[in-house]
>>> print(open('model_38.txt').read())   # compact mmCIF, C-alpha atoms
# COMPACT_ATOMS: atom_id res chain seq x y z
CA MET Q 65 -29.35 222.05 144.48
CA ALA Q 66 -30.72 224.89 142.36
CA SER Q 67 -31.23 227.04 145.47
CA ASN Q 68 -27.43 227.13 145.95
CA ARG Q 69 -26.81 228.59 142.48
CA GLU Q 70 -27.15 232.30 141.94
CA GLY Q 71 -29.07 233.12 138.79
CA SER Q 72 -30.00 229.52 137.98
CA LEU Q 73 -33.44 228.01 138.39
CA GLU Q 74 -32.56 224.74 136.65
CA ALA Q 75 -30.98 221.64 138.15
CA PRO Q 76 -27.41 220.94 137.02
CA THR Q 77 -27.00 218.64 134.03
CA ARG Q 78 -23.98 216.32 133.85
CA HIS Q 79 -22.76 215.54 130.34
CA ALA Q 80 -21.24 212.18 129.47
CA LEU Q 81 -17.45 212.00 129.45
CA ASP Q 82 -16.23 211.80 125.84
CA TRP Q 83 -13.09 209.98 126.91
CA ARG Q 84 -12.64 207.85 123.82
CA SER Q 85 -12.52 210.72 121.33
CA ASP Q 86 -9.23 211.96 119.84
CA GLU Q 87 -9.98 215.52 120.92
CA PHE Q 88 -10.22 214.46 124.57
CA TYR Q 89 -6.48 213.67 124.53
CA ASP Q 90 -5.41 216.61 122.33
CA GLU Q 91 -3.11 218.67 124.57
CA PRO Q 92 -3.54 222.04 122.80
CA ALA Q 93 -7.33 221.61 122.99
CA LEU Q 94 -7.02 220.68 126.65
CA PHE Q 95 -5.01 223.81 127.46
CA GLU Q 96 -7.43 225.98 125.55
CA GLU Q 97 -10.25 224.66 127.74
CA LEU Q 98 -8.15 224.98 130.91
CA GLU Q 99 -7.54 228.64 130.10
CA ARG Q 100 -11.22 229.27 129.44
CA VAL Q 101 -12.37 227.61 132.66
CA PHE Q 102 -9.59 228.98 134.85
CA ASP Q 103 -10.35 232.51 133.68
CA ILE Q 104 -14.02 232.08 134.64
CA CYS Q 105 -13.03 230.59 138.01
CA HIS Q 106 -10.64 233.47 138.66
CA GLY Q 107 -13.46 235.95 138.05
CA CYS Q 108 -15.86 234.10 140.35
CA ARG Q 109 -13.84 232.59 143.24
CA ARG Q 110 -16.82 231.01 145.01
CA CYS Q 111 -14.84 227.78 145.47
CA PHE Q 112 -11.95 229.37 147.41
CA ASN Q 113 -12.72 227.28 150.51
CA LEU Q 114 -12.97 223.85 148.92
CA CYS Q 115 -9.93 221.81 147.86
CA ASN Q 116 -6.49 223.38 147.32
CA SER Q 117 -6.89 223.54 143.53
CA PHE Q 118 -8.67 226.87 143.78
CA PRO Q 119 -6.30 228.65 146.21
CA THR Q 120 -3.41 227.41 144.05
CA LEU Q 121 -5.00 228.97 140.97
CA PHE Q 122 -6.10 232.20 142.64
CA ASP Q 123 -2.75 232.76 144.37
CA ALA Q 124 -0.91 232.21 141.08
CA VAL Q 125 -3.13 234.79 139.36
CA ASP Q 126 -2.74 237.32 142.18
CA GLU Q 127 1.04 236.92 142.22
CA SER Q 128 1.44 237.10 138.43
CA GLU Q 129 2.73 240.17 136.61
CA SER Q 130 -0.64 241.20 135.18
CA MET Q 131 -2.73 239.73 138.00
CA GLU Q 132 -4.64 237.94 135.27
CA LEU Q 133 -4.41 234.42 133.89
CA ASP Q 134 -2.37 235.44 130.84
CA THR Q 135 0.85 235.77 132.88
CA VAL Q 136 0.42 232.63 134.97
CA PRO Q 137 3.03 229.97 134.01
CA LYS Q 138 1.50 226.92 132.35
CA SER Q 139 3.32 224.71 134.87
CA VAL Q 140 0.92 226.05 137.51
CA TYR Q 141 -1.95 224.51 135.57
CA TRP Q 142 -0.61 221.07 136.47
CA ASP Q 143 -0.34 222.10 140.13
CA VAL Q 144 -4.05 222.92 140.02
CA VAL Q 145 -4.75 219.52 138.46
CA ASP Q 146 -2.69 217.69 141.09
CA HIS Q 147 -4.63 219.26 143.95
CA CYS Q 148 -8.00 218.15 142.54
CA TYR Q 149 -9.13 214.83 144.00
CA LEU Q 150 -12.42 214.69 142.09
CA CYS Q 151 -14.70 215.17 145.11
CA ASP Q 152 -17.26 216.92 142.84
CA MET Q 153 -18.22 219.42 145.53
CA CYS Q 154 -17.46 222.43 143.32
CA TYR Q 155 -19.77 221.09 140.62
CA MET Q 156 -22.59 220.01 142.90
CA SER Q 157 -22.69 222.77 145.48
CA LYS Q 158 -20.78 225.90 144.47
CA CYS Q 159 -20.43 226.58 140.77
CA PRO Q 160 -23.17 228.75 139.23
CA TYR Q 161 -21.88 228.04 135.70
CA VAL Q 162 -22.48 224.30 135.35
CA PRO Q 163 -24.71 223.10 132.49
CA PRO Q 164 -27.28 224.11 131.40
CA HIS Q 165 -25.54 227.48 131.88
CA GLU Q 166 -23.96 228.64 128.64
CA PHE Q 167 -20.48 228.63 130.23
CA ASN Q 168 -20.81 224.83 130.53
CA ILE Q 169 -18.29 224.43 133.37
CA ASP Q 170 -17.48 220.96 134.68
CA PHE Q 171 -14.32 221.56 136.68
CA PRO Q 172 -13.89 217.99 138.04
CA HIS Q 173 -14.21 216.40 134.62
CA LEU Q 174 -11.80 218.94 133.15
CA MET Q 175 -9.30 217.95 135.84
CA LEU Q 176 -9.99 214.30 135.04
CA ARG Q 177 -9.34 214.98 131.37
CA ALA Q 178 -6.00 216.61 132.23
CA LYS Q 179 -5.04 213.65 134.41
CA ALA Q 180 -5.98 211.27 131.57
CA VAL Q 181 -3.93 213.24 129.02
CA ARG Q 182 -0.88 213.18 131.26
CA PHE Q 183 -1.32 209.48 132.05
CA LYS Q 184 -1.56 208.63 128.36
CA GLN Q 185 1.54 210.67 127.55
CA GLN Q 186 3.72 209.92 130.57
CA GLY Q 187 2.19 207.10 132.57
CA ALA Q 188 2.40 207.55 136.34
CA PRO Q 189 5.07 207.32 139.06
CA LEU Q 190 5.58 203.87 140.57
CA ARG Q 191 4.21 205.06 143.92
CA ASP Q 192 0.95 206.25 142.36
CA LYS Q 193 0.56 203.04 140.37
CA ILE Q 194 1.00 200.95 143.52
CA LEU Q 195 -1.29 203.10 145.67
CA SER Q 196 -4.04 202.79 143.05
CA ALA Q 197 -3.56 199.01 142.60
CA THR Q 198 -5.78 198.21 145.56
CA ASP Q 199 -6.62 194.66 144.50
CA THR Q 200 -3.01 193.65 143.88
CA VAL Q 201 -1.64 195.29 147.00
CA GLY Q 202 -4.47 193.87 149.10
CA LYS Q 203 -3.85 190.33 147.90
CA LEU Q 204 -0.09 190.52 148.50
CA ALA Q 205 -0.35 192.31 151.84
CA GLY Q 206 -3.11 189.92 152.90
CA ILE Q 207 -0.84 186.87 152.86
CA PRO Q 208 -0.64 185.92 156.59
CA VAL Q 209 3.10 186.41 157.19
CA VAL Q 210 3.27 189.36 154.81
CA ALA Q 211 0.33 191.04 156.55
CA GLN Q 212 2.13 190.85 159.88
CA ILE Q 213 5.29 192.36 158.41
CA VAL Q 214 3.42 195.13 156.56
CA ASN Q 215 1.34 196.06 159.60
CA ALA Q 216 4.37 196.05 161.89
CA THR Q 217 6.32 198.24 159.47
CA ASN Q 218 3.45 200.69 159.16
CA ARG Q 219 3.25 201.00 162.95
CA SER Q 220 6.95 201.69 163.55
CA LYS Q 221 8.67 205.07 163.32
CA LEU Q 222 11.61 203.58 161.45
CA GLY Q 223 9.35 201.81 158.99
CA ARG Q 224 7.35 204.95 158.29
CA SER Q 225 10.53 207.00 157.92
CA LEU Q 226 11.84 204.54 155.33
CA LEU Q 227 8.47 204.47 153.58
CA GLU Q 228 8.55 208.25 153.29
CA SER Q 229 12.14 208.51 152.05
CA THR Q 230 11.93 205.67 149.54
CA PHE Q 231 8.29 205.71 148.47
CA GLY Q 232 6.96 209.21 149.16
CA VAL Q 233 4.26 208.15 151.66
CA HIS Q 234 4.18 210.70 154.47
CA ARG Q 235 5.35 209.28 157.79
CA ASP Q 236 2.39 210.76 159.68
CA ALA Q 237 -0.35 209.84 157.23
CA PRO Q 238 -2.84 207.26 158.51
CA VAL Q 239 -2.40 203.98 156.67
CA PRO Q 240 -4.70 200.98 157.14
CA ASP Q 241 -3.94 197.54 158.49
CA TYR Q 242 -4.20 194.55 156.17
CA HIS Q 243 -6.14 191.46 157.20
CA SER Q 244 -5.13 187.96 156.14
CA ARG Q 245 -8.75 186.89 156.59
CA PRO Q 246 -10.71 189.32 154.42
CA ALA Q 247 -14.41 190.05 154.60
CA ARG Q 248 -15.26 187.93 151.58
CA LYS Q 249 -13.69 184.93 153.31
CA ARG Q 250 -15.41 185.73 156.61
CA LEU Q 251 -18.75 186.04 154.83
CA LYS Q 252 -18.23 183.14 152.42
CA SER Q 253 -21.49 181.48 153.50
CA HIS Q 254 -23.28 184.40 151.84
CA ARG Q 255 -21.68 183.89 148.44
CA GLY Q 256 -24.46 183.10 146.04
CA ALA Q 257 -26.88 182.80 148.96
CA SER Q 258 -30.54 183.58 148.48
CA GLY Q 259 -32.64 182.60 151.49
CA ASP Q 260 -36.01 184.11 152.25
CA THR Q 261 -36.47 187.57 150.84
CA ALA Q 262 -37.85 190.40 152.94
CA GLU Q 263 -41.05 191.91 151.65
CA ALA Q 264 -40.41 193.95 148.52
CA THR Q 265 -41.73 197.50 148.50
CA ALA Q 266 -42.12 200.25 145.96
CA SER Q 267 -38.60 201.38 146.86
CA THR Q 268 -36.62 198.17 147.43
CA ASN Q 269 -36.61 194.49 146.48
CA GLY Q 270 -35.90 193.42 150.06
CA LYS Q 271 -32.64 191.56 149.34
CA VAL Q 272 -29.19 192.96 148.62
CA VAL Q 273 -25.87 192.09 147.07
CA LEU Q 274 -23.02 193.45 149.17
CA TYR Q 275 -20.19 194.84 147.07
CA THR Q 276 -17.57 194.60 149.82
CA THR Q 277 -15.05 197.09 148.30
CA CYS Q 278 -11.26 196.75 148.44
CA TYR Q 279 -11.06 198.67 151.69
CA GLY Q 280 -13.92 196.85 153.37
CA ASN Q 281 -12.66 193.48 152.21
CA ARG Q 282 -8.95 193.74 153.01
CA ASN Q 283 -8.47 196.68 155.40
CA HIS Q 284 -11.59 197.03 157.53
CA PRO Q 285 -13.68 193.84 157.28
CA ALA Q 286 -15.74 194.84 160.32
CA ILE Q 287 -17.51 197.39 158.11
CA ASP Q 288 -18.87 194.61 155.91
CA GLU Q 289 -19.59 192.30 158.84
CA ASP Q 290 -21.51 195.00 160.70
CA LEU Q 291 -23.55 195.77 157.58
CA VAL Q 292 -24.52 192.13 157.15
CA THR Q 293 -25.47 191.85 160.83
CA VAL Q 294 -27.69 194.95 160.72
CA PHE Q 295 -29.36 194.08 157.42
CA GLU Q 296 -30.09 190.51 158.50
CA HIS Q 297 -31.45 191.82 161.81
CA ASN Q 298 -33.90 193.74 159.61
CA GLY Q 299 -34.83 190.58 157.73
CA ILE Q 300 -32.92 191.60 154.59
CA PRO Q 301 -30.96 188.70 153.04
CA VAL Q 302 -27.42 189.59 151.99
CA ALA Q 303 -25.42 187.83 149.26
CA LEU Q 304 -21.94 188.35 147.87
CA ALA Q 305 -21.27 188.40 144.16
CA GLY Q 306 -19.29 185.43 142.89
CA LYS Q 307 -16.40 187.76 142.09
CA GLU Q 308 -15.56 191.42 142.48
CA VAL Q 309 -12.61 193.66 141.71
CA CYS Q 310 -11.87 197.29 142.55
CA CYS Q 311 -14.62 199.71 141.50
CA GLY Q 312 -12.02 201.73 139.59
CA MET Q 313 -12.08 204.96 141.60
CA PRO Q 314 -8.32 204.94 142.42
CA LYS Q 315 -7.50 204.45 138.74
CA LEU Q 316 -9.99 207.16 137.78
CA GLU Q 317 -8.20 209.61 140.07
CA LEU Q 318 -4.93 208.61 138.41
CA GLY Q 319 -6.35 209.25 134.94
CA ASP Q 320 -5.96 205.61 133.90
CA LEU Q 321 -9.35 205.33 132.20
CA GLU Q 322 -8.54 202.10 130.38
CA ALA Q 323 -7.95 200.43 133.75
CA VAL Q 324 -11.36 201.73 134.86
CA ALA Q 325 -12.88 200.13 131.78
CA ARG Q 326 -11.19 196.80 132.52
CA ALA Q 327 -12.57 196.77 136.06
CA LYS Q 328 -16.01 197.67 134.72
CA ASP Q 329 -15.88 194.74 132.32
CA ILE Q 330 -15.46 192.36 135.26
CA ASN Q 331 -17.81 193.89 137.84
CA ILE Q 332 -20.76 195.04 135.77
CA PRO Q 333 -21.82 191.76 134.08
CA ILE Q 334 -21.79 189.95 137.45
CA LEU Q 335 -23.74 192.67 139.26
CA ALA Q 336 -26.16 193.19 136.36
CA ALA Q 337 -26.99 189.46 136.35
CA MET Q 338 -27.87 189.64 140.04
CA VAL Q 339 -30.02 192.71 139.42
CA ASP Q 340 -31.86 190.67 136.80
CA ASP Q 341 -32.50 188.09 139.52
CA GLY Q 342 -34.16 190.72 141.69
CA TRP Q 343 -31.28 191.85 143.90
CA ASP Q 344 -30.51 195.40 144.97
CA ILE Q 345 -26.86 196.40 145.57
CA VAL Q 346 -25.23 198.16 148.52
CA THR Q 347 -21.64 199.16 149.14
CA PRO Q 348 -20.29 200.57 152.43
CA ILE Q 349 -17.77 203.06 150.98
CA PRO Q 350 -19.25 206.28 149.51
CA SER Q 351 -16.60 206.65 146.79
CA CYS Q 352 -17.36 203.14 145.50
CA THR Q 353 -21.09 203.83 145.56
CA LEU Q 354 -20.50 207.04 143.62
CA MET Q 355 -18.37 205.20 141.09
CA PHE Q 356 -21.28 202.94 140.18
CA LYS Q 357 -23.95 205.61 140.54
CA GLN Q 358 -22.24 208.40 138.62
CA GLU Q 359 -18.77 207.96 137.14
CA LEU Q 360 -19.27 204.69 135.26
CA PRO Q 361 -22.62 205.82 133.79
CA LEU Q 362 -20.95 209.05 132.61
CA MET Q 363 -18.10 207.08 131.05
CA PHE Q 364 -20.37 204.42 129.51
CA PRO Q 365 -23.73 206.14 128.94
CA ASP Q 366 -24.79 203.64 126.27
CA ASP Q 367 -24.04 200.49 128.27
CA ALA Q 368 -27.41 199.14 129.40
CA ASP Q 369 -25.88 196.97 132.12
CA VAL Q 370 -23.98 199.93 133.60
CA LEU Q 371 -27.24 201.87 133.80
CA LYS Q 372 -29.03 198.86 135.28
CA VAL Q 373 -26.44 198.59 138.05
CA ARG Q 374 -26.62 202.36 138.63
CA ASP Q 375 -30.35 202.18 139.22
CA ALA Q 376 -29.98 199.26 141.66
CA MET Q 377 -27.07 200.75 143.65
CA PHE Q 378 -27.72 202.18 147.12
CA ASP Q 379 -25.83 203.67 150.00
CA PRO Q 380 -26.61 201.28 152.91
CA PHE Q 381 -28.19 203.95 155.10
CA GLU Q 382 -30.17 205.21 152.12
CA TYR Q 383 -31.47 201.65 151.69
CA LEU Q 384 -32.44 201.27 155.33
CA MET Q 385 -34.21 204.64 155.35
CA LEU Q 386 -36.20 203.60 152.29
CA ARG Q 387 -37.26 200.52 154.24
CA HIS Q 388 -38.20 202.80 157.14
CA LYS Q 389 -40.26 204.98 154.80
CA ASP Q 390 -42.20 201.87 153.82
CA GLY Q 391 -42.64 200.83 157.47
CA LYS Q 392 -40.20 197.91 157.21
CA LEU Q 393 -37.31 199.05 159.43
CA ASN Q 394 -36.79 197.46 162.83
CA THR Q 395 -36.82 200.38 165.28
CA GLU Q 396 -36.53 198.34 168.47
CA PHE Q 397 -33.27 199.75 169.84
CA LYS Q 398 -31.71 198.61 173.11
CA ASN Q 399 -28.90 201.14 173.57
CA SER Q 400 -28.78 204.89 173.11
CA LEU Q 401 -25.77 206.49 171.42
CA GLY Q 402 -25.75 209.81 173.26
CA LYS Q 403 -24.03 212.58 171.33
CA VAL Q 404 -22.49 211.67 167.97
CA SER Q 405 -20.15 213.83 165.87
CA TYR Q 406 -20.67 212.75 162.27
CA GLN Q 407 -18.50 213.89 159.34
CA VAL Q 408 -20.38 213.66 156.06
CA PRO Q 409 -17.95 212.58 153.29
CA CYS Q 410 -17.89 214.61 150.08
CA HIS Q 411 -18.52 211.54 147.92
CA LEU Q 412 -21.69 210.94 149.91
CA ARG Q 413 -22.86 214.55 149.83
CA VAL Q 414 -22.67 214.74 146.03
CA GLN Q 415 -25.00 211.75 145.68
CA ASN Q 416 -27.89 214.08 146.57
CA ILE Q 417 -29.63 211.57 148.83
CA GLY Q 418 -29.70 213.73 151.95
CA LEU Q 419 -28.17 212.88 155.33
CA LYS Q 420 -29.53 209.36 155.67
CA THR Q 421 -26.87 208.19 158.12
CA ARG Q 422 -27.72 211.07 160.45
CA ASP Q 423 -31.45 210.52 160.04
CA LEU Q 424 -31.23 206.81 160.86
CA LEU Q 425 -28.92 207.18 163.86
CA GLN Q 426 -31.27 209.83 165.24
CA LEU Q 427 -34.06 207.27 165.30
CA VAL Q 428 -32.20 205.74 168.23
CA PRO Q 429 -33.71 207.12 171.47
CA ASP Q 430 -31.63 209.65 173.42
CA THR Q 431 -29.29 210.16 170.48
CA GLN Q 432 -28.20 213.49 169.04
CA VAL Q 433 -26.19 213.57 165.80
CA ASP Q 434 -24.18 216.64 164.85
CA ALA Q 435 -23.56 216.44 161.10
CA ILE Q 436 -20.36 218.17 159.92
CA GLU Q 437 -20.54 218.84 156.20
CA ARG Q 438 -16.89 219.67 155.61
CA CYS Q 439 -14.15 217.84 153.72
CA SER Q 440 -11.62 215.63 155.50
CA GLY Q 441 -8.99 216.32 152.83
CA HIS Q 442 -8.15 212.62 152.61
CA ASP Q 443 -9.30 211.31 149.23
CA GLY Q 444 -7.84 207.83 149.47
CA THR Q 445 -4.33 208.61 148.23
CA TYR Q 446 -4.03 212.42 148.32
CA ALA Q 447 -3.47 212.63 152.08
CA VAL Q 448 -0.87 209.87 152.23
CA LYS Q 449 1.44 211.44 149.64
CA LYS Q 450 4.38 213.32 151.12
CA GLU Q 451 3.85 216.42 148.99
CA PHE Q 452 0.15 216.77 149.82
CA HIS Q 453 -0.22 215.52 153.39
CA ASP Q 454 0.23 218.87 155.15
CA THR Q 455 -2.30 220.48 152.82
CA SER Q 456 -4.77 217.66 153.48
CA ARG Q 457 -4.45 218.20 157.23
CA LYS Q 458 -5.12 221.92 156.74
CA ILE Q 459 -8.30 221.09 154.80
CA ALA Q 460 -9.37 218.76 157.62
CA ARG Q 461 -8.70 221.29 160.39
CA PRO Q 462 -12.24 222.79 160.55
CA VAL Q 463 -13.71 219.30 161.01
CA VAL Q 464 -11.13 218.40 163.63
CA ASN Q 465 -11.90 221.58 165.55
CA LYS Q 466 -15.64 220.90 165.48
CA VAL Q 467 -15.17 217.34 166.73
CA LYS Q 468 -12.92 218.56 169.54
CA LYS Q 469 -15.39 221.24 170.54
CA ALA Q 470 -18.35 218.84 170.49
CA GLU Q 471 -16.82 216.45 173.05
CA ALA Q 472 -19.27 213.83 171.79
CA ASP Q 473 -19.63 210.25 172.95
CA HIS Q 474 -18.83 208.96 169.47
CA PHE Q 475 -17.13 210.22 166.31
CA THR Q 476 -18.00 208.60 163.00
CA SER Q 477 -17.90 209.00 159.23
CA ASP Q 478 -19.23 206.85 156.40
CA CYS Q 479 -15.73 206.98 154.88
CA PRO Q 480 -13.30 205.11 157.16
CA MET Q 481 -10.30 206.79 155.55
CA ALA Q 482 -11.74 210.23 156.22
CA ALA Q 483 -12.56 209.13 159.76
CA GLU Q 484 -8.97 208.08 160.45
CA GLN Q 485 -7.61 211.35 159.06
CA ILE Q 486 -9.89 213.36 161.36
CA ALA Q 487 -9.44 211.11 164.38
CA GLN Q 488 -5.68 211.51 164.10
CA GLY Q 489 -6.13 215.22 164.78
CA VAL Q 490 -8.46 214.63 167.74
CA ASP Q 491 -6.36 213.41 170.65
CA GLY Q 492 -7.82 210.42 172.43
CA HIS Q 493 -10.94 210.25 170.26
CA GLY Q 494 -10.97 207.26 167.92
CA ALA Q 495 -13.30 206.79 164.97
CA GLU Q 496 -16.17 204.31 164.76
CA ASN Q 497 -18.01 203.17 161.67
CA PRO Q 498 -21.69 204.25 161.62
CA MET Q 499 -23.01 200.76 160.86
CA GLY Q 500 -21.13 199.56 163.93
CA LEU Q 501 -22.90 202.25 165.97
CA LEU Q 502 -26.24 201.08 164.62
CA LYS Q 503 -25.34 197.49 165.44
CA TYR Q 504 -24.55 198.57 169.01
CA ALA Q 505 -27.84 200.47 169.22
CA TYR Q 506 -29.65 197.26 168.29
CA GLY Q 507 -27.74 195.45 171.04
CA LEU Q 508 -26.21 192.99 168.57
>>> encode(input="model_38.txt", output="structure tokens")
Amino acid sequence: MASNREGSLEAPTRHALDWRSDEFYDEPALFEELERVFDICHGCRRCFNLCNSFPTLFDAVDESESMELDTVPKSVYWDVVDHCYLCDMCYMSKCPYVPPHEFNIDFPHLMLRAKAVRFKQQGAPLRDKILSATDTVGKLAGIPVVAQIVNATNRSKLGRSLLESTFGVHRDAPVPDYHSRPARKRLKSHRGASGDTAEATASTNGKVVLYTTCYGNRNHPAIDEDLVTVFEHNGIPVALAGKEVCCGMPKLELGDLEAVARAKDINIPILAAMVDDGWDIVTPIPSCTLMFKQELPLMFPDDADVLKVRDAMFDPFEYLMLRHKDGKLNTEFKNSLGKVSYQVPCHLRVQNIGLKTRDLLQLVPDTQVDAIERCSGHDGTYAVKKEFHDTSRKIARPVVNKVKKAEADHFTSDCPMAAEQIAQGVDGHGAENPMGLLKYAYGL
């Protein structure tokens, strides 16, 4: 990453989030830091083409009386905060002033601090609370009759119109189906399973716990099922943890850090115990992987179990490529994939593991993968909100245009929500999950 930073020869250093200190929630101290950072950002402007936080800030400065930050209304500061969906791309790929630079800029965590201050003072709108309550909504919407009603409503113009007018969910935003038979029920034979372990290597233990995720479990169970099929085809036993709840990312984006802590207190002891028993961990959704790899360790830097889980957590394609590096990947493919357009999600890019999904799919004979490293603008809840949907589609437009131009045989993204957002803009070109493509390549 250092090569992307002008004037810096050192790798970026991420400081722990001091979210339990009194100063963290002190509003005057927050605004003093916002002013400091916004003034530096205004003078730099390298992030103009990322999320809409930066254009919002820069336009406000340019349209102000002095054309400097001092005449920008403080209400605009909250607009900047609202447009940040914590993708981390500014920190990891653009900003030349991150630590160890003396300016010590961490824009995403400053936005997170502002969200946390507001949540502590005001709470959150009902819509945002419900959208971030993925476990609760998934359980209710997953009841068989309820699932049918919810899915039918979400597919009808009248239902979407009512949802927009009463709840603020944009009528054109892609919303997922709910399944009454979730992945954890479909894969119940794997709960607590052990079986024969594949040969351990210097990189992997050869057996994995699948953290299914809220989305994989309730909305897109095929993602989890395809992962299990591919891993077992490679001789890698897969087990489910006895219990799991949401990773906490939706609550993090809301600024509800105490809810993140409560989820951590359930997930981490269970996962850490399985790590102690020699299991690695994989999760099919990049934002969930990032939560365990980065956000929880930065929130709880002194929690040994959090760090233990961090070190055992892998992106599934990262895991398979490590097996390939050690000569343990099955490379007997039966079907080629042709040309694949592949959008690389932001929450995967910032993990600094390289393009493992692309690299693995390109092992399939007669397969060409075009990696598109641009944001989809989705961010779980940002794109579905009425006030942000049009902006999210604008952010996604460069990706949509590239997919259209490519005219590939397949379009895929590691993030199914990003994939649906992009596919919606590409007429007649649906999205496929990359593990499903790999499963097809194996002829499974």
>>> closest_residue(input="model_38.txt", among="Q:Leu133, Q:Val214, Q:Ile436, Q:Leu335", to="Phe356 in chain Q", atoms="all atoms listed in the file")
Q:Leu335
>>> closest_atom_pairs(input="model_38.txt", of="range 368-454 of chain Q", to="range 495-499 of chain Q", cutoff="12 Å", atoms="all atoms listed in the file", output="tab-separated table")
residue	atom	partner	partner_atom	distance
Q:Asp379	CA	Q:Met499	CA	11.6
Q:Pro380	CA	Q:Met499	CA	8.7
Q:Phe381	CA	Q:Met499	CA	8.4
Q:Leu384	CA	Q:Met499	CA	10.9
Q:Leu401	CA	Q:Pro498	CA	10.8
Q:Val404	CA	Q:Pro498	CA	9.8
Q:Ser405	CA	Q:Ala495	CA	9.9
Q:Tyr406	CA	Q:Pro498	CA	8.6
Q:Gln407	CA	Q:Pro498	CA	10.4
Q:Val408	CA	Q:Pro498	CA	11.0
Q:Lys420	CA	Q:Pro498	CA	11.1
Q:Thr421	CA	Q:Pro498	CA	7.4
Q:Arg422	CA	Q:Pro498	CA	9.2
Q:Asp423	CA	Q:Pro498	CA	11.7
Q:Leu424	CA	Q:Pro498	CA	9.9
Q:Leu425	CA	Q:Pro498	CA	8.1
Q:Gln426	CA	Q:Pro498	CA	11.7
Q:Val433	CA	Q:Pro498	CA	11.2
>>> closest_atom_pairs(input="model_38.txt", of="range 404-479 of chain Q", to="range 93-113 of chain Q", cutoff="12 Å", atoms="only C-alpha atoms", output="CSV")
residue,atom,partner,partner_atom,distance
Q:Arg438,CA,Q:Asn113,CA,10.1
Q:Cys439,CA,Q:Asn113,CA,10.1
Q:Gly441,CA,Q:Asn113,CA,11.8
Q:Lys458,CA,Q:Asn113,CA,11.2
Q:Ile459,CA,Q:Asn113,CA,8.7
Q:Ala460,CA,Q:Asn113,CA,11.6
Q:Pro462,CA,Q:Asn113,CA,11.0
>>> residues_around(input="model_38.txt", residues="Leu321 in chain Q", least_positions_apart="6", cutoff="12 Å", atoms="only C-alpha atoms", output="list in words")
Leu81, Asp82, Trp83, Arg84, Phe88, Tyr89, Leu176, Arg177, Ala178, Lys179, Ala180, Val181, Arg182, Phe183, Lys184, Gly187, Gly312, Met313, Pro314, Lys315, Ala327, Lys328, Glu359, Leu360, Met363 and Phe364 of chain Q
>>> residues_around(input="model_38.txt", residues="Asp367 in chain Q", least_positions_apart="4", cutoff="12 Å", atoms="all atoms listed in the file", output="PDB file with C-alpha atoms, in the frame of the given file")
ATOM      1  CA  ALA Q 325     -12.880 200.130 131.780  1.00  0.00           C
ATOM      2  CA  LYS Q 328     -16.010 197.670 134.720  1.00  0.00           C
ATOM      3  CA  ASP Q 329     -15.880 194.740 132.320  1.00  0.00           C
ATOM      4  CA  ILE Q 332     -20.760 195.040 135.770  1.00  0.00           C
ATOM      5  CA  PRO Q 333     -21.820 191.760 134.080  1.00  0.00           C
ATOM      6  CA  ALA Q 336     -26.160 193.190 136.360  1.00  0.00           C
ATOM      7  CA  LEU Q 360     -19.270 204.690 135.260  1.00  0.00           C
ATOM      8  CA  PRO Q 361     -22.620 205.820 133.790  1.00  0.00           C
ATOM      9  CA  LEU Q 362     -20.950 209.050 132.610  1.00  0.00           C
ATOM     10  CA  MET Q 363     -18.100 207.080 131.050  1.00  0.00           C
ATOM     11  CA  LEU Q 371     -27.240 201.870 133.800  1.00  0.00           C
ATOM     12  CA  LYS Q 372     -29.030 198.860 135.280  1.00  0.00           C
ATOM     13  CA  VAL Q 373     -26.440 198.590 138.050  1.00  0.00           C
ATOM     14  CA  ARG Q 374     -26.620 202.360 138.630  1.00  0.00           C
TER      15      ARG Q 374
END
>>> atom_distance(input="model_38.txt", atom1="CA of Thr395 in chain Q", atom2="CA of Thr431 in chain Q")
13.4 Å
>>> axis_aligned_box(input="model_38.txt", around="range 237-256 of chain Q", padding_each_side="5 Å", output="JSON")
{"center_x": -12.4, "center_y": 195.7, "center_z": 152.3, "size_x": 34.1, "size_y": 38.4, "size_z": 22.5}
>>> closest_residue(input="model_38.txt", among="Q:Thr268, Q:Gly418, Q:His474, Q:Ile345", to="Arg387 in chain Q", atoms="all atoms listed in the file")
Q:Thr268
>>> atom_distance(input="model_38.txt", atom1="CA of Thr265 in chain Q", atom2="CA of Val370 in chain Q")
23.3 Å
>>> closest_atom_pairs(input="model_38.txt", of="range 344-366 of chain Q", to="range 479-484 of chain Q", cutoff="12 Å", atoms="all atoms listed in the file", output="CSV")
residue,atom,partner,partner_atom,distance
Q:Thr347,CA,Q:Cys479,CA,11.4
Q:Pro348,CA,Q:Cys479,CA,8.2
Q:Ile349,CA,Q:Cys479,CA,5.9
Q:Pro350,CA,Q:Cys479,CA,6.5
Q:Ser351,CA,Q:Cys479,CA,8.1
Q:Cys352,CA,Q:Cys479,CA,10.3
Q:Thr353,CA,Q:Cys479,CA,11.2
>>> write_last_selection(input="model_38.txt", atoms="C-alpha atoms", output="short mmCIF file (atom, residue, chain, number, x, y, z; two decimals), keeping the file's coordinate frame")
data_model
loop_
_atom_site.label_atom_id
_atom_site.label_comp_id
_atom_site.auth_asym_id
_atom_site.auth_seq_id
_atom_site.Cartn_x
_atom_site.Cartn_y
_atom_site.Cartn_z
CA THR Q 347 -21.64 199.16 149.14
CA PRO Q 348 -20.29 200.57 152.43
CA ILE Q 349 -17.77 203.06 150.98
CA PRO Q 350 -19.25 206.28 149.51
CA SER Q 351 -16.60 206.65 146.79
CA CYS Q 352 -17.36 203.14 145.50
CA THR Q 353 -21.09 203.83 145.56
#
